[in-house]
$ cat final-v7.cif   # mmCIF, C-alpha atoms and all ligand atoms
data_structure
loop_
_atom_site.label_atom_id
_atom_site.label_comp_id
_atom_site.auth_asym_id
_atom_site.auth_seq_id
_atom_site.Cartn_x
_atom_site.Cartn_y
_atom_site.Cartn_z
CA MET A 1 -2.83 82.77 -46.89
CA ALA A 2 -4.64 80.71 -44.24
CA ASP A 3 -2.42 79.14 -41.57
CA LEU A 4 -1.25 75.65 -42.47
CA LYS A 5 -2.44 72.96 -40.11
CA ASN A 6 -0.75 69.63 -39.49
CA GLU A 7 -3.72 67.32 -40.11
CA PHE A 8 -3.63 63.63 -39.33
CA SER A 9 -3.47 61.32 -42.33
CA TRP A 10 -2.09 57.88 -43.15
CA SER A 11 0.22 56.69 -45.91
CA TRP A 12 2.31 53.62 -46.53
CA SER A 13 5.57 55.52 -45.90
CA ARG A 14 4.17 56.97 -42.67
CA HIS A 15 3.24 53.46 -41.56
CA ARG A 16 6.78 52.24 -42.33
CA ALA A 17 8.34 55.05 -40.29
CA PHE A 18 5.98 54.26 -37.39
CA GLU A 19 6.93 50.58 -37.54
CA THR A 20 10.66 51.31 -37.73
CA CYS A 21 11.13 53.87 -34.96
CA LEU A 22 8.58 55.93 -33.02
CA ARG A 23 11.02 58.82 -32.59
CA ARG A 24 11.70 58.91 -36.33
CA TYR A 25 7.96 58.98 -36.93
CA TYR A 26 7.58 61.87 -34.47
CA LEU A 27 10.44 63.89 -36.02
CA GLN A 28 9.23 63.26 -39.57
CA HIS A 29 5.56 64.01 -39.00
CA TYR A 30 5.38 66.42 -36.05
CA ALA A 31 8.67 67.99 -34.92
CA PHE A 32 9.59 69.21 -38.42
CA TRP A 33 6.50 71.41 -38.58
CA GLY A 34 7.32 75.04 -39.43
CA GLY A 35 10.96 74.22 -40.22
CA TRP A 36 10.51 75.57 -43.75
CA GLU A 37 10.93 79.04 -42.16
CA PRO A 38 14.62 79.98 -41.97
CA GLY A 39 15.69 80.52 -38.37
CA SER A 40 12.76 78.57 -36.92
CA GLU A 41 13.26 76.17 -34.02
CA ALA A 42 12.42 73.18 -36.22
CA ARG A 43 14.79 74.21 -39.04
CA GLU A 44 17.44 71.54 -38.43
CA ILE A 45 14.89 68.74 -38.20
CA TYR A 46 13.28 69.98 -41.42
CA ILE A 47 16.69 69.93 -43.15
CA GLN A 48 17.25 66.36 -41.90
CA LYS A 49 13.78 65.28 -43.02
CA LYS A 50 14.58 66.45 -46.54
CA LEU A 51 17.96 64.63 -46.75
CA ASN A 52 18.43 61.91 -49.36
CA SER A 53 20.40 58.74 -49.12
CA ARG A 54 22.13 57.66 -52.34
CA PRO A 55 19.63 54.79 -52.98
CA GLN A 56 16.77 57.30 -52.55
CA TRP A 57 18.44 59.63 -55.03
CA ILE A 58 18.72 56.81 -57.60
CA GLY A 59 15.06 55.94 -57.08
CA THR A 60 13.81 59.53 -57.27
CA THR A 61 15.79 60.32 -60.41
CA VAL A 62 14.69 57.18 -62.27
CA HIS A 63 11.06 57.74 -61.23
CA GLN A 64 11.24 61.35 -62.43
CA ALA A 65 12.66 60.22 -65.78
CA ALA A 66 9.89 57.61 -66.23
CA GLU A 67 7.25 60.16 -65.27
CA TRP A 68 8.63 62.75 -67.69
CA VAL A 69 8.82 60.34 -70.61
CA LEU A 70 5.26 59.11 -70.04
CA GLY A 71 4.07 62.72 -69.80
CA GLN A 72 5.76 63.48 -73.13
CA VAL A 73 4.34 60.35 -74.74
CA ARG A 74 0.84 61.30 -73.62
CA ARG A 75 1.34 64.59 -75.48
CA GLY A 76 2.45 62.73 -78.60
CA HIS A 77 6.22 63.28 -78.24
CA TYR A 78 8.70 60.40 -78.09
CA PRO A 79 11.98 61.69 -76.66
CA PRO A 80 15.08 59.74 -77.75
CA PRO A 81 16.55 57.61 -74.94
CA GLU A 82 19.93 59.36 -75.04
CA ARG A 83 18.28 62.73 -74.54
CA VAL A 84 16.40 61.43 -71.51
CA VAL A 85 19.54 59.87 -70.01
CA GLU A 86 21.48 63.10 -70.56
CA ARG A 87 18.72 65.27 -69.05
CA TYR A 88 18.41 63.21 -65.86
CA GLU A 89 22.09 62.51 -65.44
CA ARG A 90 22.62 66.26 -65.54
CA ALA A 91 19.89 66.79 -62.94
CA ALA A 92 21.38 64.06 -60.73
CA ARG A 93 24.86 65.64 -60.93
CA ARG A 94 23.41 69.04 -60.10
CA MET A 95 21.82 67.61 -56.95
CA VAL A 96 25.18 66.29 -55.78
CA ASP A 97 26.91 69.54 -56.58
CA GLU A 98 24.33 71.67 -54.77
CA SER A 99 24.44 69.42 -51.74
CA ALA A 100 28.25 69.46 -51.66
CA ARG A 101 28.07 73.26 -51.67
CA GLY A 102 25.70 73.16 -48.68
CA LEU A 103 22.70 74.72 -50.42
CA PHE A 104 20.42 72.48 -48.31
CA ARG A 105 21.08 74.91 -45.46
CA ILE A 106 19.62 77.79 -47.48
CA ARG A 107 16.82 76.04 -49.41
CA PRO A 108 16.29 72.51 -48.07
CA LYS A 109 13.16 71.91 -50.11
CA LYS A 110 14.42 73.00 -53.53
CA SER A 111 17.98 71.73 -53.01
CA PRO A 112 17.74 68.89 -50.49
CA GLY A 113 21.04 67.62 -49.17
CA PHE A 114 22.59 64.19 -49.10
CA VAL A 115 23.14 62.31 -45.86
CA ASP A 116 26.74 61.93 -47.12
CA HIS A 117 27.40 65.69 -47.06
CA TYR A 118 25.34 66.53 -44.00
CA TYR A 119 27.23 63.92 -41.96
CA ASP A 120 30.62 64.49 -43.63
CA LEU A 121 30.88 60.85 -44.68
CA ASN A 122 33.63 61.54 -47.23
CA THR A 123 31.95 59.24 -49.76
CA PRO A 124 34.59 58.51 -52.42
CA GLU A 125 34.19 60.00 -55.87
CA ASP A 126 34.00 56.56 -57.51
CA ALA A 127 30.99 55.63 -55.34
CA TRP A 128 29.13 58.69 -56.67
CA GLU A 129 30.19 57.82 -60.22
CA ALA A 130 29.04 54.21 -59.83
CA ASP A 131 25.63 55.44 -58.67
CA LEU A 132 25.40 57.89 -61.56
CA GLN A 133 26.14 55.05 -63.94
CA GLU A 134 23.39 53.01 -62.30
CA ILE A 135 20.96 55.91 -62.79
CA SER A 136 21.88 56.10 -66.49
CA ARG A 137 21.69 52.33 -66.87
CA GLN A 138 18.22 52.13 -65.34
CA ILE A 139 16.89 55.06 -67.38
CA ARG A 140 18.31 53.59 -70.58
CA GLY A 141 16.81 50.25 -69.52
CA LEU A 142 13.32 51.79 -69.45
CA PHE A 143 13.44 51.88 -73.23
CA ASP A 144 14.04 48.11 -73.39
CA ASN A 145 11.61 47.28 -70.63
CA ARG A 146 8.55 45.36 -71.84
CA VAL A 147 6.16 47.01 -69.42
CA PHE A 148 7.43 50.53 -70.10
CA LEU A 149 7.37 49.98 -73.87
CA ARG A 150 3.84 48.64 -73.66
CA LEU A 151 2.80 51.81 -71.79
CA THR A 152 4.35 54.03 -74.46
CA SER A 153 2.37 52.14 -77.10
CA VAL A 154 -1.00 52.83 -75.42
CA PRO A 155 -0.66 56.39 -74.05
CA GLY A 156 -4.41 56.95 -74.25
CA ARG A 157 -4.95 54.26 -71.64
CA ILE A 158 -2.68 55.84 -69.04
CA VAL A 159 -4.93 57.17 -66.30
CA GLU A 160 -2.50 58.53 -63.69
CA VAL A 161 1.25 59.07 -63.37
CA GLU A 162 2.66 60.04 -59.95
CA ARG A 163 -0.40 62.03 -58.93
CA LEU A 164 -0.90 62.69 -55.23
CA GLU A 165 -4.39 61.47 -54.40
CA GLN A 166 -6.43 60.58 -51.36
CA LEU A 167 -8.87 57.88 -50.37
CA PHE A 168 -10.78 57.44 -47.14
CA VAL A 169 -10.76 54.29 -45.07
CA GLY A 170 -13.44 54.98 -42.47
CA ASP A 171 -12.59 58.50 -41.26
CA VAL A 172 -8.88 58.14 -42.05
CA PRO A 173 -7.55 60.12 -45.03
CA VAL A 174 -4.99 57.98 -46.85
CA TRP A 175 -2.48 59.55 -49.27
CA VAL A 176 -1.36 57.62 -52.33
CA SER A 177 0.77 58.39 -55.35
CA LEU A 178 0.74 55.63 -57.97
CA ASP A 179 3.76 55.43 -60.24
CA VAL A 180 1.37 54.55 -63.07
CA LEU A 181 -2.27 53.55 -63.31
CA VAL A 182 -3.31 52.19 -66.67
CA SER A 183 -6.61 50.93 -68.01
CA ASP A 184 -6.47 47.42 -69.51
CA GLY A 185 -8.92 48.46 -72.23
CA GLU A 186 -11.56 46.00 -70.96
CA GLY A 187 -12.89 47.85 -67.95
CA GLY A 188 -10.05 46.87 -65.64
CA PHE A 189 -7.01 48.64 -64.24
CA VAL A 190 -3.36 47.82 -63.62
CA VAL A 191 -1.34 49.61 -60.92
CA ILE A 192 2.35 49.73 -61.86
CA ASP A 193 5.12 50.39 -59.37
CA TRP A 194 8.77 50.93 -60.35
CA LYS A 195 11.41 49.65 -57.95
CA THR A 196 15.03 50.65 -58.35
CA GLY A 197 16.81 49.27 -55.29
CA ARG A 198 18.12 45.97 -54.01
CA ALA A 199 16.28 45.73 -50.73
CA HIS A 200 12.70 45.03 -51.79
CA ASP A 201 10.90 42.07 -50.43
CA ALA A 202 8.02 40.97 -52.62
CA GLU A 203 5.47 40.53 -49.84
CA THR A 204 6.02 44.06 -48.48
CA VAL A 205 5.72 45.51 -51.98
CA VAL A 206 2.46 43.63 -52.54
CA ARG A 207 1.09 44.98 -49.23
CA GLN A 208 1.97 48.51 -50.33
CA LEU A 209 0.29 47.91 -53.69
CA GLY A 210 -2.80 46.65 -51.85
CA VAL A 211 -3.27 50.23 -50.55
CA TYR A 212 -3.11 51.52 -54.12
CA GLY A 213 -5.60 48.83 -55.13
CA ALA A 214 -8.02 50.06 -52.45
CA TYR A 215 -7.70 53.55 -53.95
CA VAL A 216 -8.53 52.26 -57.44
CA VAL A 217 -11.56 50.39 -56.10
CA GLN A 218 -12.87 53.52 -54.35
CA ARG A 219 -12.02 56.06 -57.05
CA TYR A 220 -12.54 54.21 -60.31
CA LEU A 221 -14.82 51.26 -59.52
CA ARG A 222 -16.79 53.54 -57.18
CA GLN A 223 -17.05 50.78 -54.60
CA ASP A 224 -16.38 50.73 -50.89
CA PRO A 225 -13.16 48.65 -50.64
CA GLY A 226 -14.61 47.01 -47.51
CA ARG A 227 -17.67 45.74 -49.40
CA VAL A 228 -16.26 45.11 -52.83
CA GLU A 229 -17.18 41.76 -54.42
CA ALA A 230 -14.62 39.26 -55.70
CA ASP A 231 -15.66 39.64 -59.35
CA GLN A 232 -15.27 43.43 -59.13
CA LEU A 233 -11.85 43.02 -57.58
CA ASP A 234 -10.86 40.84 -60.53
CA ARG A 235 -10.75 44.08 -62.51
CA VAL A 236 -7.73 45.37 -60.54
CA LYS A 237 -4.21 44.02 -60.95
CA VAL A 238 -1.02 45.22 -59.34
CA MET A 239 2.39 44.90 -60.92
CA TYR A 240 5.81 45.80 -59.67
CA VAL A 241 8.70 46.22 -62.02
CA ASN A 242 12.23 45.98 -60.71
CA LEU A 243 14.29 48.21 -63.00
CA ARG A 244 17.58 47.21 -61.38
CA GLU A 245 17.04 43.48 -61.87
CA GLU A 246 14.88 43.88 -65.00
CA THR A 247 12.14 41.65 -63.62
CA TYR A 248 8.44 42.12 -63.05
CA ASP A 249 5.66 40.43 -61.17
CA THR A 250 1.89 40.77 -61.59
CA ARG A 251 -0.58 39.90 -58.85
CA ASP A 252 -4.35 39.79 -58.63
CA LEU A 253 -5.93 41.58 -55.74
CA ASP A 254 -8.18 39.09 -53.98
CA LEU A 255 -10.65 39.63 -51.17
CA ALA A 256 -8.24 38.31 -48.53
CA ALA A 257 -5.55 40.78 -49.64
CA MET A 258 -8.04 43.65 -49.62
CA ARG A 259 -9.24 42.74 -46.13
CA GLU A 260 -5.63 42.61 -44.94
CA THR A 261 -4.90 46.02 -46.47
CA LEU A 262 -7.89 47.64 -44.78
CA ALA A 263 -7.06 45.98 -41.45
CA THR A 264 -3.48 47.31 -41.68
CA ILE A 265 -4.70 50.87 -42.27
CA ASP A 266 -7.26 50.56 -39.51
CA THR A 267 -4.91 49.14 -36.89
CA SER A 268 -1.93 51.29 -37.81
CA SER A 269 -3.88 54.58 -37.82
CA ALA A 270 -5.57 53.67 -34.51
CA ARG A 271 -2.16 53.04 -32.90
CA MET A 272 -0.83 56.34 -34.27
CA ARG A 273 -3.81 58.23 -32.87
CA GLU A 274 -3.58 56.50 -29.49
CA LEU A 275 -0.18 58.13 -28.96
CA LEU A 276 -1.46 61.67 -29.52
CA VAL A 277 -2.13 64.00 -26.60
CA ASP A 278 -4.91 65.68 -28.58
CA VAL A 279 -6.43 63.57 -31.35
CA GLY A 280 -8.74 66.32 -32.66
CA GLU A 281 -5.89 68.81 -33.02
CA ASN A 282 -3.31 66.15 -34.01
CA VAL A 283 -0.88 67.15 -31.25
CA ALA A 284 1.98 64.85 -30.26
CA LYS A 285 4.51 65.08 -27.40
CA GLU A 286 8.11 63.97 -27.95
CA ALA A 287 8.28 61.91 -24.74
CA ASP A 288 5.55 59.61 -26.05
CA PHE A 289 7.74 58.59 -29.00
CA PRO A 290 10.86 56.91 -27.59
CA MET A 291 14.11 56.43 -29.44
CA LEU A 292 15.36 52.97 -30.35
CA GLU A 293 17.91 51.38 -28.06
CA GLU A 294 21.49 52.58 -28.36
CA GLY A 295 23.25 50.61 -31.12
CA ALA A 296 20.05 49.82 -33.05
CA GLU A 297 20.74 49.02 -36.70
CA ALA A 298 18.15 51.53 -37.98
CA CYS A 299 20.06 54.43 -36.39
CA ALA A 300 23.20 53.80 -38.43
CA HIS A 301 21.68 55.23 -41.63
CA CYS A 302 18.96 57.43 -40.15
CA ALA A 303 18.84 61.06 -41.32
CA PHE A 304 17.91 62.20 -37.78
CA ARG A 305 20.85 60.64 -35.96
CA ARG A 306 22.39 64.01 -35.07
CA THR A 307 19.16 65.13 -33.42
CA CYS A 308 19.08 61.86 -31.48
CA GLY A 309 22.74 62.13 -30.47
CA ARG A 310 23.48 58.95 -32.44
CA GLY A 311 25.62 60.63 -35.08
S1 LIG A 401 18.56 57.91 -35.00
FE1 LIG A 401 17.65 55.99 -34.29
S2 LIG A 401 16.38 56.57 -32.56
FE2 LIG A 401 16.80 58.45 -33.71
S3 LIG A 401 15.09 58.67 -35.10
FE3 LIG A 401 16.68 57.59 -36.19
S4 LIG A 401 16.23 55.42 -35.93
FE4 LIG A 401 15.10 56.55 -34.36
#
$ encode --input "final-v7.cif" --output "C-alpha cells" --more "lines below"
Ligand code: SF4
Amino acid sequence: MADLKNEFSWSWSRHRAFETCLRRYYLQHYAFWGGWEPGSEAREIYIQKKLNSRPQWIGTTVHQAAEWVLGQVRRGHYPPPERVVERYERAARRMVDESARGLFRIRPKKSPGFVDHYYDLNTPEDAWEADLQEISRQIRGLFDNRVFLRLTSVPGRIVEVERLEQLFVGDVPVWVSLDVLVSDGEGGFVVIDWKTGRAHDAETVVRQLGVYGAYVVQRYLRQDPGRVEADQLDRVKVMYVNLREETYDTRDLDLAAMRETLATIDTSSARMRELLVDVGENVAKEADFPMLEEGAEACAHCAFRRTCGRG
C-alpha cells in the first residue's frame, strides 16, 4: 500500500476548530498523524481525537439511524420504528460499555472512547440513561417528522445520504458530507441537515449549509459557484431540521450567501496555509499554533486537555 500523505484540505468542521483554538486545530489535523499505529508517538493524541462527548454520541447515533432507514427505504424496505429504536439503542449502549472497559486504548477507531471515561468524570448512571432515552426519543420522532416522512415517500428522489464528497474552491479541496440531498422533482435540489443538540445557532447552521449548497451547484448544476446566476441558484434550497425541538427551517441560497460562503473558504484556507512551514508538503510546527489562555472556556470540555496540561 502506498504511504498515506497528510494532504491539505478544508471542511466546515476544520474551519470551526481553527476558529476555536489553533492548538486544537494543530492536534486534530497534524499531530495525530500516524497515531493509528499502536505504540506510535502520536497514539495518545489519536485516541483523544477519536473521543466522543455525550452530545456528539447522541448526534452520531441519531444520524446513523436516519441514514440506515433511508438506505433501507431506497431498497424498498420499511423497517418498523420500534425495530430501528431497538437496533440503535443497542448500538449506543454497546459504545458506552466498550468505552467503560477501555477498549479505546486498543482500537480507538472501531471503539472510540467517551471523554467521560478517558477523563474519569464519574458521570452518574442516570445521566447516561437520560441520554439514551433522548436517543430513542429522537429516533422514534423521525417517524413522525414531516420532512423525514416526506423523504420516505419519495425514495427515488433521494440523491445522496451521508456520502463523503469533495468540491474545489479555487485550488482548495473542500470535503462535504450532506445528511441528505434530495431532488425536488422539478430540476431543483434540497439539502437537508439533521440537528440533534441544543446549541445550534441558526446563522451558523445556514453558513455551514452554504458550503453544501456550493457543492450542489458545482456537482449537480455543473456551474462554477463563483459565477452562478441568481436564477440557477433558485434551484437550490437548504433546510435544517432540529430533531430535538421538532422544528425545521428552509432557506433559499441567494447570490450574497454564496459569495459569503466562497469568501469564508478562501480566507479561512489562506489563513490556515499561512501558518504552515511548508505549504507544498502541508507541514506544520506546534509552536506556530498556540494554546488558548489558561482558564479559557473552550478548554473545559476539550478532548485534548490532558495533552495541553489543562486536564
Ligand atoms: S485544551 Fe484548550 S488550549 Fe488545549 S487544544 Fe483544547 S481548547 Fe486548545
$ closest_residue --input "final-v7.cif" --among "A:Glu297, A:Glu160, A:Asp278, A:Asp97" --to "Cys21 of chain A" --atoms "only C-alpha atoms"
A:Glu297
$ residues_near_ligand --input "final-v7.cif" --ligand "ligand LIG 401 (chain A)" --cutoff "9 Å" --atoms "only C-alpha atoms and all ligand atoms" --output "CSV table (one decimal) with C-alpha atoms, in the frame of the given file"
chain,number,residue,atom,x,y,z
A,20,THR,CA,10.7,51.3,-37.7
A,21,CYS,CA,11.1,53.9,-35.0
A,22,LEU,CA,8.6,55.9,-33.0
A,23,ARG,CA,11.0,58.8,-32.6
A,24,ARG,CA,11.7,58.9,-36.3
A,25,TYR,CA,8.0,59.0,-36.9
A,26,TYR,CA,7.6,61.9,-34.5
A,27,LEU,CA,10.4,63.9,-36.0
A,28,GLN,CA,9.2,63.3,-39.6
A,290,PRO,CA,10.9,56.9,-27.6
A,291,MET,CA,14.1,56.4,-29.4
A,292,LEU,CA,15.4,53.0,-30.4
A,293,GLU,CA,17.9,51.4,-28.1
A,294,GLU,CA,21.5,52.6,-28.4
A,295,GLY,CA,23.2,50.6,-31.1
A,296,ALA,CA,20.0,49.8,-33.0
A,297,GLU,CA,20.7,49.0,-36.7
A,298,ALA,CA,18.2,51.5,-38.0
A,299,CYS,CA,20.1,54.4,-36.4
A,300,ALA,CA,23.2,53.8,-38.4
A,301,HIS,CA,21.7,55.2,-41.6
A,302,CYS,CA,19.0,57.4,-40.2
A,303,ALA,CA,18.8,61.1,-41.3
A,304,PHE,CA,17.9,62.2,-37.8
A,305,ARG,CA,20.8,60.6,-36.0
A,306,ARG,CA,22.4,64.0,-35.1
A,307,THR,CA,19.2,65.1,-33.4
A,308,CYS,CA,19.1,61.9,-31.5
A,309,GLY,CA,22.7,62.1,-30.5
A,310,ARG,CA,23.5,59.0,-32.4
A,311,GLY,CA,25.6,60.6,-35.1
$ residues_around --input "final-v7.cif" --residues "Met239 of chain A" --least-positions-apart "4" --cutoff "8 Å" --atoms "only C-alpha atoms" --output "list in words"
Val190, Val191, Ile192, Asp193, Tyr248, Asp249, Thr250 and Arg251 of chain A
$ residues_around --input "final-v7.cif" --residues "Val154 of chain A" --least-positions-apart "4" --cutoff "10 Å" --atoms "all atoms listed in the file" --output "number ranges by chain"
A: 73-74, 149-150, 158, 182-185
$ closest_residue --input "final-v7.cif" --among "A:Thr267, A:Asn282, A:Thr247, A:Thr261" --to "Asp144 of chain A" --atoms "only C-alpha atoms"
A:Thr247
$ residues_around --input "final-v7.cif" --residues "Lys5 of chain A" --least-positions-apart "4" --cutoff "12 Å" --atoms "only C-alpha atoms" --output "list of chain:residue names"
A:Met1, A:Ser9, A:Tyr30, A:Trp33, A:Gly34, A:Gly280, A:Glu281, A:Asn282, A:Val283
$ closest_residue --input "final-v7.cif" --among "A:Asp116, A:Glu186, A:Glu98, A:Asp288" --to "Ser53 of chain A" --atoms "all atoms listed in the file"
A:Asp116
$ atom_distance --input "final-v7.cif" --atom1 "atom CA of Val180 of chain A" --atom2 "atom CA of Tyr240 of chain A"
10.4 Å
$ atom_distance --input "final-v7.cif" --atom1 "atom CA of Leu103 of chain A" --atom2 "atom CA of His29 of chain A"
23.2 Å
$ residues_around --input "final-v7.cif" --residues "segment 229-233 of chain A" --least-positions-apart "3" --cutoff "10 Å" --atoms "all atoms listed in the file" --output "list in words"
Gly188, Phe189, Gly213, Ala214, Val216, Val217, Leu221, Gln223, Asp224, Pro225, Gly226, Val236, Lys237, Asp252, Leu253, Asp254, Leu255, Ala256 and Met258 of chain A
$ atom_distance --input "final-v7.cif" --atom1 "atom CA of Gly197 of chain A" --atom2 "atom CA of Tyr46 of chain A"
25.2 Å
$ residues_around --input "final-v7.cif" --residues "Gly35 of chain A" --least-positions-apart "2" --cutoff "10 Å" --atoms "only C-alpha atoms" --output "list in words"
Ala31, Phe32, Trp33, Glu37, Pro38, Gly39, Ser40, Glu41, Ala42, Arg43, Glu44, Ile45, Tyr46, Ile47, Lys49 and Pro108 of chain A
$ closest_residue --input "final-v7.cif" --among "A:Gly141, A:Gly156, A:Gly170, A:Pro112" --to "Leu70 of chain A" --atoms "only C-alpha atoms"
A:Gly156
$ build_atoms --input "final-v7.cif" --residues "segment 165-177 of chain A" --atoms "N, CA and C atoms" --output "PDB file, in the frame of the given file"
ATOM      1  N   GLU A 165      -2.941  61.600 -54.524  1.00  0.00           N
ATOM      2  CA  GLU A 165      -4.390  61.470 -54.400  1.00  0.00           C
ATOM      3  C   GLU A 165      -4.736  60.952 -53.008  1.00  0.00           C
ATOM      4  N   GLN A 166      -6.004  60.995 -52.703  1.00  0.00           N
ATOM      5  CA  GLN A 166      -6.430  60.580 -51.360  1.00  0.00           C
ATOM      6  C   GLN A 166      -7.634  59.637 -51.455  1.00  0.00           C
ATOM      7  N   LEU A 167      -7.645  58.660 -50.559  1.00  0.00           N
ATOM      8  CA  LEU A 167      -8.870  57.880 -50.370  1.00  0.00           C
ATOM      9  C   LEU A 167      -9.203  57.920 -48.896  1.00  0.00           C
ATOM     10  N   PHE A 168     -10.399  57.504 -48.550  1.00  0.00           N
ATOM     11  CA  PHE A 168     -10.780  57.440 -47.140  1.00  0.00           C
ATOM     12  C   PHE A 168     -11.046  56.007 -46.760  1.00  0.00           C
ATOM     13  N   VAL A 169     -10.441  55.603 -45.646  1.00  0.00           N
ATOM     14  CA  VAL A 169     -10.760  54.290 -45.070  1.00  0.00           C
ATOM     15  C   VAL A 169     -11.399  54.614 -43.717  1.00  0.00           C
ATOM     16  N   GLY A 170     -12.722  54.465 -43.640  1.00  0.00           N
ATOM     17  CA  GLY A 170     -13.440  54.980 -42.470  1.00  0.00           C
ATOM     18  C   GLY A 170     -13.261  56.491 -42.461  1.00  0.00           C
ATOM     19  N   ASP A 171     -12.798  57.037 -41.319  1.00  0.00           N
ATOM     20  CA  ASP A 171     -12.590  58.500 -41.260  1.00  0.00           C
ATOM     21  C   ASP A 171     -11.117  58.853 -41.462  1.00  0.00           C
ATOM     22  N   VAL A 172     -10.323  57.892 -41.917  1.00  0.00           N
ATOM     23  CA  VAL A 172      -8.880  58.140 -42.050  1.00  0.00           C
ATOM     24  C   VAL A 172      -8.542  58.537 -43.498  1.00  0.00           C
ATOM     25  N   PRO A 173      -8.009  59.765 -43.687  1.00  0.00           N
ATOM     26  CA  PRO A 173      -7.550  60.120 -45.030  1.00  0.00           C
ATOM     27  C   PRO A 173      -6.235  59.411 -45.329  1.00  0.00           C
ATOM     28  N   VAL A 174      -6.172  58.774 -46.474  1.00  0.00           N
ATOM     29  CA  VAL A 174      -4.990  57.980 -46.850  1.00  0.00           C
ATOM     30  C   VAL A 174      -4.407  58.573 -48.140  1.00  0.00           C
ATOM     31  N   TRP A 175      -3.125  58.976 -48.080  1.00  0.00           N
ATOM     32  CA  TRP A 175      -2.480  59.550 -49.270  1.00  0.00           C
ATOM     33  C   TRP A 175      -1.846  58.446 -50.114  1.00  0.00           C
ATOM     34  N   VAL A 176      -2.015  58.553 -51.411  1.00  0.00           N
ATOM     35  CA  VAL A 176      -1.360  57.620 -52.330  1.00  0.00           C
ATOM     36  C   VAL A 176      -0.787  58.398 -53.515  1.00  0.00           C
ATOM     37  N   SER A 177       0.263  57.849 -54.099  1.00  0.00           N
ATOM     38  CA  SER A 177       0.770  58.390 -55.350  1.00  0.00           C
ATOM     39  C   SER A 177       1.226  57.178 -56.170  1.00  0.00           C
TER      40      SER A 177
END
